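Source file: work-v4.txt; contents: compact mmCIF, C-alpha atoms.
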```txt
# COMPACT_ATOMS: atom_id res chain seq x y z
CA MET A 1 12.97 -33.00 19.17
CA PRO A 2 11.81 -29.46 19.96
CA SER A 3 9.72 -28.73 23.04
CA PRO A 4 6.31 -27.45 21.88
CA ILE A 5 4.85 -24.16 23.03
CA GLU A 6 1.28 -24.55 24.29
CA ILE A 7 -1.16 -22.13 22.68
CA THR A 8 -4.45 -21.71 24.55
CA SER A 9 -5.90 -18.52 23.07
CA PRO A 10 -6.78 -17.60 19.46
CA ASN A 11 -5.53 -14.10 20.29
CA ASP A 12 -1.99 -15.24 21.10
CA PRO A 13 0.30 -13.03 18.93
CA ARG A 14 2.51 -16.00 18.11
CA ILE A 15 -0.19 -17.51 15.90
CA ALA A 16 -0.97 -14.27 14.01
CA PRO A 17 0.26 -15.55 10.60
CA TYR A 18 -2.15 -18.51 10.82
CA ARG A 19 -5.35 -16.58 11.59
CA ASN A 20 -8.28 -16.75 9.16
CA LEU A 21 -6.30 -18.38 6.36
CA LYS A 22 -9.48 -18.99 4.36
CA ASP A 23 -10.05 -15.27 4.01
CA ARG A 24 -6.56 -14.05 3.19
CA GLU A 25 -3.11 -14.85 1.90
CA LEU A 26 0.14 -13.54 3.32
CA SER A 27 1.52 -11.04 0.84
CA ALA A 28 5.12 -10.57 -0.22
CA ARG A 29 5.13 -7.33 1.77
CA GLN A 30 4.65 -9.35 4.95
CA GLY A 31 7.59 -11.52 3.96
CA LEU A 32 5.94 -14.79 4.98
CA PHE A 33 4.08 -17.75 3.50
CA ILE A 34 2.10 -20.70 4.85
CA VAL A 35 2.57 -24.40 4.09
CA GLU A 36 -0.05 -27.08 4.90
CA GLY A 37 0.39 -30.78 5.68
CA GLU A 38 3.20 -32.96 6.98
CA HIS A 39 4.71 -33.73 3.59
CA LEU A 40 5.06 -30.09 2.53
CA VAL A 41 6.19 -28.95 5.97
CA HIS A 42 8.99 -31.53 5.85
CA ARG A 43 9.95 -30.31 2.38
CA LEU A 44 10.10 -26.78 3.71
CA LEU A 45 12.17 -27.83 6.72
CA SER A 46 14.63 -29.67 4.48
CA SER A 47 15.06 -26.65 2.19
CA ASP A 48 17.24 -23.58 2.68
CA TYR A 49 14.25 -21.38 3.53
CA SER A 50 13.98 -20.03 7.06
CA VAL A 51 10.98 -21.21 9.07
CA ALA A 52 9.36 -18.81 11.54
CA SER A 53 7.24 -21.46 13.27
CA VAL A 54 5.38 -24.74 12.95
CA LEU A 55 1.82 -25.18 14.19
CA VAL A 56 0.70 -28.71 15.03
CA THR A 57 -2.52 -30.07 16.50
CA ARG A 58 -2.37 -32.22 19.59
CA GLN A 59 -3.74 -35.19 17.66
CA ARG A 60 -0.76 -35.16 15.24
CA ALA A 61 1.93 -34.10 17.71
CA HIS A 62 2.99 -37.59 18.82
CA ARG A 63 3.73 -38.60 15.24
CA PHE A 64 5.08 -35.34 13.86
CA LEU A 65 7.26 -33.85 16.61
CA PRO A 66 9.85 -36.69 16.66
CA THR A 67 10.52 -36.04 12.95
CA ILE A 68 11.68 -32.45 13.49
CA SER A 69 15.41 -32.06 14.05
CA GLN A 70 15.77 -28.31 13.60
CA ARG A 71 15.32 -25.85 16.42
CA VAL A 72 12.11 -24.33 15.11
CA PRO A 73 9.41 -22.85 17.37
CA VAL A 74 6.60 -25.42 17.47
CA LEU A 75 3.16 -24.18 18.50
CA LEU A 76 0.89 -26.87 19.93
CA VAL A 77 -2.89 -26.37 19.79
CA ASP A 78 -6.01 -28.40 20.43
CA ASP A 79 -7.97 -29.35 17.31
CA ASP A 80 -10.93 -27.12 18.18
CA LEU A 81 -8.66 -24.15 18.76
CA ALA A 82 -6.89 -24.79 15.45
CA ASN A 83 -10.23 -24.57 13.65
CA LYS A 84 -10.98 -21.25 15.37
CA ILE A 85 -7.54 -19.86 14.51
CA LEU A 86 -7.61 -20.91 10.85
CA GLY A 87 -11.26 -20.15 10.19
CA PHE A 88 -12.15 -23.59 8.79
CA GLU A 89 -12.20 -27.27 9.70
CA PHE A 90 -8.54 -28.29 9.55
CA HIS A 91 -7.72 -31.95 8.99
CA ARG A 92 -4.07 -31.86 7.89
CA GLY A 93 -2.83 -31.35 11.43
CA VAL A 94 0.39 -29.49 10.63
CA LEU A 95 1.23 -26.07 9.17
CA ALA A 96 4.39 -24.03 8.94
CA CYS A 97 5.12 -20.35 8.45
CA GLY A 98 8.08 -19.80 6.13
CA VAL A 99 10.10 -16.68 5.46
CA ARG A 100 10.32 -15.46 1.87
CA LYS A 101 13.70 -14.80 0.34
CA PRO A 102 14.41 -11.47 -1.38
CA ALA A 103 12.98 -11.52 -4.91
CA LEU A 104 15.57 -12.26 -7.62
CA SER A 105 15.65 -10.03 -10.68
CA VAL A 106 16.00 -11.46 -14.17
CA ARG A 107 19.31 -9.70 -14.79
CA ARG A 108 20.78 -10.88 -11.52
CA VAL A 109 19.90 -14.50 -12.24
CA PHE A 110 20.96 -14.68 -15.88
CA ALA A 111 23.77 -12.15 -16.29
CA SER A 112 26.50 -14.81 -16.32
CA TRP A 113 24.64 -17.99 -17.27
CA PRO A 114 26.49 -20.75 -19.13
CA SER A 115 25.69 -21.63 -22.71
CA ARG A 116 22.75 -24.02 -22.31
CA LEU A 117 19.57 -22.69 -20.69
CA MET A 118 15.89 -23.64 -20.43
CA LEU A 119 13.42 -21.13 -19.00
CA VAL A 120 9.69 -21.22 -18.40
CA ILE A 121 8.26 -17.71 -18.58
CA CYS A 122 4.80 -16.87 -17.19
CA PRO A 123 3.75 -13.30 -17.99
CA GLU A 124 0.40 -13.43 -16.21
CA ILE A 125 -0.81 -16.81 -14.96
CA GLY A 126 -3.88 -15.92 -12.90
CA ASP A 127 -4.79 -19.13 -11.07
CA PRO A 128 -2.47 -20.17 -8.19
CA GLU A 129 -3.29 -23.85 -8.76
CA ASN A 130 -2.24 -23.57 -12.41
CA LEU A 131 0.96 -21.83 -11.39
CA GLY A 132 1.64 -24.52 -8.79
CA ALA A 133 1.14 -27.23 -11.39
CA ILE A 134 3.47 -25.43 -13.81
CA MET A 135 6.11 -25.21 -11.08
CA ARG A 136 5.79 -28.94 -10.37
CA VAL A 137 6.04 -29.84 -14.05
CA SER A 138 8.97 -27.46 -14.54
CA ALA A 139 10.86 -28.90 -11.59
CA GLY A 140 10.13 -32.43 -12.72
CA PHE A 141 11.68 -31.82 -16.13
CA GLY A 142 14.67 -30.01 -14.63
CA ILE A 143 14.33 -26.51 -16.08
CA ASP A 144 16.99 -24.02 -15.09
CA ALA A 145 14.66 -21.29 -13.87
CA MET A 146 11.22 -19.71 -14.07
CA VAL A 147 10.50 -16.08 -14.86
CA LEU A 148 7.28 -14.57 -13.54
CA GLY A 149 5.83 -11.35 -14.92
CA GLU A 150 4.58 -8.51 -12.77
CA SER A 151 0.96 -9.56 -13.42
CA CYS A 152 1.48 -13.18 -12.40
CA CYS A 153 -0.23 -14.50 -9.27
CA ASP A 154 1.77 -15.09 -6.09
CA PRO A 155 3.87 -18.28 -6.35
CA PHE A 156 3.94 -18.44 -2.53
CA SER A 157 0.19 -18.54 -2.05
CA ARG A 158 -0.95 -21.59 -0.11
CA ARG A 159 -2.69 -23.10 -3.13
CA ALA A 160 0.29 -22.59 -5.42
CA ILE A 161 2.68 -24.18 -2.91
CA ARG A 162 0.29 -27.07 -2.25
CA VAL A 163 -0.16 -27.93 -5.93
CA SER A 164 3.57 -27.53 -6.56
CA MET A 165 4.10 -30.27 -3.94
CA GLY A 166 6.85 -28.15 -2.45
CA THR A 167 8.97 -28.07 -5.60
CA ILE A 168 8.89 -24.29 -5.32
CA PHE A 169 11.48 -24.61 -2.54
CA ARG A 170 13.98 -26.05 -5.05
CA LEU A 171 13.18 -23.93 -8.10
CA ARG A 172 15.10 -20.84 -9.10
CA ILE A 173 12.46 -18.14 -9.68
CA ALA A 174 13.08 -14.66 -11.05
CA GLN A 175 10.30 -12.12 -10.58
CA SER A 176 10.28 -9.36 -13.16
CA ARG A 177 9.12 -5.80 -12.57
CA ASN A 178 9.14 -5.03 -16.27
CA LEU A 179 8.85 -8.25 -18.22
CA LEU A 180 8.91 -6.71 -21.67
CA GLU A 181 12.25 -5.02 -20.98
CA ASP A 182 13.62 -8.20 -19.40
CA LEU A 183 12.59 -10.34 -22.37
CA LEU A 184 14.28 -7.96 -24.80
CA TRP A 185 17.40 -8.09 -22.62
CA LEU A 186 17.35 -11.90 -22.59
CA LYS A 187 17.08 -11.94 -26.39
CA GLU A 188 19.52 -9.21 -27.29
CA LYS A 189 22.16 -9.55 -24.56
CA GLN A 190 21.97 -13.21 -23.57
CA GLY A 191 21.00 -14.84 -26.86
CA VAL A 192 17.86 -16.52 -25.51
CA GLU A 193 15.39 -17.65 -28.17
CA LEU A 194 11.84 -16.91 -27.04
CA VAL A 195 9.14 -19.38 -28.04
CA ALA A 196 5.45 -18.60 -27.60
CA ALA A 197 3.18 -21.54 -26.72
CA VAL A 198 0.00 -20.84 -28.69
CA ALA A 199 -3.24 -22.55 -29.70
CA ASP A 200 -3.08 -21.64 -33.37
CA ARG A 201 -3.19 -24.27 -36.09
CA LYS A 202 -1.24 -22.04 -38.43
CA SER A 203 1.77 -21.97 -36.10
CA GLU A 204 4.75 -24.32 -36.09
CA PRO A 205 3.76 -27.81 -34.86
CA LEU A 206 5.61 -28.80 -31.71
CA ALA A 207 6.81 -32.06 -33.25
CA HIS A 208 8.81 -30.06 -35.84
CA SER A 209 10.25 -27.57 -33.33
CA VAL A 210 14.00 -27.69 -32.72
CA ARG A 211 15.46 -26.82 -29.33
CA ALA A 212 17.77 -23.82 -29.19
CA GLU A 213 20.77 -23.82 -26.83
CA LYS A 214 19.15 -21.03 -24.82
CA LEU A 215 15.38 -21.21 -24.89
CA GLY A 216 12.62 -19.37 -23.05
CA LEU A 217 9.11 -20.84 -23.28
CA LEU A 218 6.30 -18.33 -22.80
CA LEU A 219 3.00 -19.66 -21.41
CA GLY A 220 -0.16 -17.61 -21.77
CA HIS A 221 -2.98 -16.60 -19.45
CA GLU A 222 -5.55 -19.32 -18.86
CA GLU A 223 -8.35 -17.50 -20.74
CA ARG A 224 -6.66 -14.90 -22.93
CA GLY A 225 -3.48 -16.68 -23.92
CA LEU A 226 -0.54 -14.39 -24.70
CA TRP A 227 -1.16 -10.72 -25.38
CA GLN A 228 0.11 -9.40 -28.70
CA LYS A 229 3.03 -7.62 -27.04
CA TRP A 230 4.33 -10.97 -25.80
CA LEU A 231 3.83 -12.60 -29.18
CA ASP A 232 5.65 -9.75 -30.90
CA VAL A 233 8.77 -10.17 -28.78
CA CYS A 234 8.95 -13.93 -29.40
CA ASP A 235 11.09 -15.47 -32.13
CA ARG A 236 8.68 -18.32 -32.89
CA ARG A 237 5.14 -19.44 -32.19
CA VAL A 238 4.71 -23.15 -31.56
CA THR A 239 1.49 -25.11 -31.11
CA ILE A 240 0.29 -28.55 -30.05
CA PRO A 241 -2.03 -29.84 -32.81
CA MET A 242 -5.55 -30.62 -31.53
CA HIS A 243 -8.28 -33.05 -32.56
CA LEU A 244 -12.04 -33.47 -32.01
CA GLU A 245 -12.54 -29.70 -32.12
CA THR A 246 -10.53 -29.19 -28.94
CA ASP A 247 -9.46 -25.56 -28.94
CA SER A 248 -6.80 -25.66 -26.19
CA LEU A 249 -5.32 -27.53 -23.22
CA ASN A 250 -4.95 -26.55 -19.61
CA VAL A 251 -1.82 -24.40 -19.39
CA ALA A 252 -0.03 -26.76 -16.99
CA VAL A 253 -0.81 -29.77 -19.19
CA ALA A 254 0.50 -27.87 -22.21
CA ALA A 255 3.63 -26.91 -20.26
CA GLY A 256 4.34 -30.57 -19.57
CA ILE A 257 4.00 -31.51 -23.23
CA PHE A 258 6.25 -28.67 -24.37
CA LEU A 259 8.88 -29.48 -21.75
CA TYR A 260 8.83 -33.17 -22.59
CA HIS A 261 9.53 -32.24 -26.21
CA PHE A 262 12.32 -29.78 -25.41
CA ILE A 263 13.88 -31.60 -22.43
CA GLY A 264 12.32 -34.93 -21.58
CA LYS A 265 13.13 -36.82 -24.75
CA THR A 266 16.83 -36.19 -24.29
CA GLY A 267 16.88 -36.18 -20.49
CA THR A 268 18.99 -33.02 -20.38
CA GLY A 269 18.10 -29.40 -19.70
```

Could the structure of this file be written out as structure tokens, please?
Amino acid sequence: MPSPIEITSPNDPRIAPYRNLKDRELSARQGLFIVEGEHLVHRLLSSDYSVASVLVTRQRAHRFLPTISQRVPVLLVDDDLANKILGFEFHRGVLACGVRKPALSVRRVFASWPSRLMLVICPEIGDPENLGAIMRVSAGFGIDAMVLGESCCDPFSRRAIRVSMGTIFRLRIAQSRNLLEDLLWLKEKQGVELVAAVADRKSEPLAHSVRAEKLGLLLGHEERGLWQKWLDVCDRRVTIPMHLETDSLNVAVAAGIFLYHFIGKTGTG
């Protein structure tokens, strides 16, 4: 069990990443991310991500500290001081500051992939909670990797990590700097069939859609769906038929239905 470091001032430089979390997110340029709650902190500690520090309130310390086996700096604070540091009433009791890994490019991840492949591709998901839910669904169905476009929100935002339930620490994620070029490369050089998930009754019903050996599923923006340039690069457009004048589903719900059809029914990726 690590020996905690007592923090008595909100100006202590060791707690800089945790200050005013309500008002900001740590960007990729800072190379860090924040995880909240015992469950997610344990998932982070059990992953292959480096952990810069753990912050724990005195009230939770007796229960949490004995569960840490790694030699990670543990910062111990009183509950009132934690609220001042974070900028809001904090009830979870435990946070951790993780270190981001270098971003993986699409070509680095998929240049020598074996024959069977299932990708979830998000050109521009805007809501971190939606992205977190998509990551959780994707991990649950055992996809091979996710591809995030340059306009996608940060997968390592606190909300995205929280909703993902820490599955982000196990997922393989490629972050594209030019998604259109990368999609064309996946199609033309790697033989990946690109399928657009759309809310269009004229498109191919999901129940009739056959899984390709290498398949990339494109999920659209929460309000706009997929821009025409993404639709144009796809091989097929597939839809989930709706009833009672429902025009669309939440993107994470739709992702789960698509992945169940393409993966879940057979149990293989």

Can you pull out the residues contacting range 102-118 of chain A? Cut-off 9 Å, using all atoms listed in the file, and skip same-chain residues under 4 positions away; I want them as number ranges by chain.
A: 31, 142-147, 172-177, 179, 182-183, 185-186, 189-190, 192, 212-217, 262-263, 269

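Our summary of the geometry notes that CA of Asp235 in chain A is positioned 22.2 Å from CA of Leu249 in chain A.
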
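CA of Arg158 in chain A is positioned 21.2 Å from CA of Val120 in chain A.
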
Considering only C-alpha atoms, state which residue in the set A:Pro205, A:Phe156, A:Pro123, A:Leu148 is at the smallest distance from Glu222 in chain A.
A:Pro123

Length of the CA of His208 in chain A to CA of His221 in chain A vector [Å]:
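The value is 24.3 Å.
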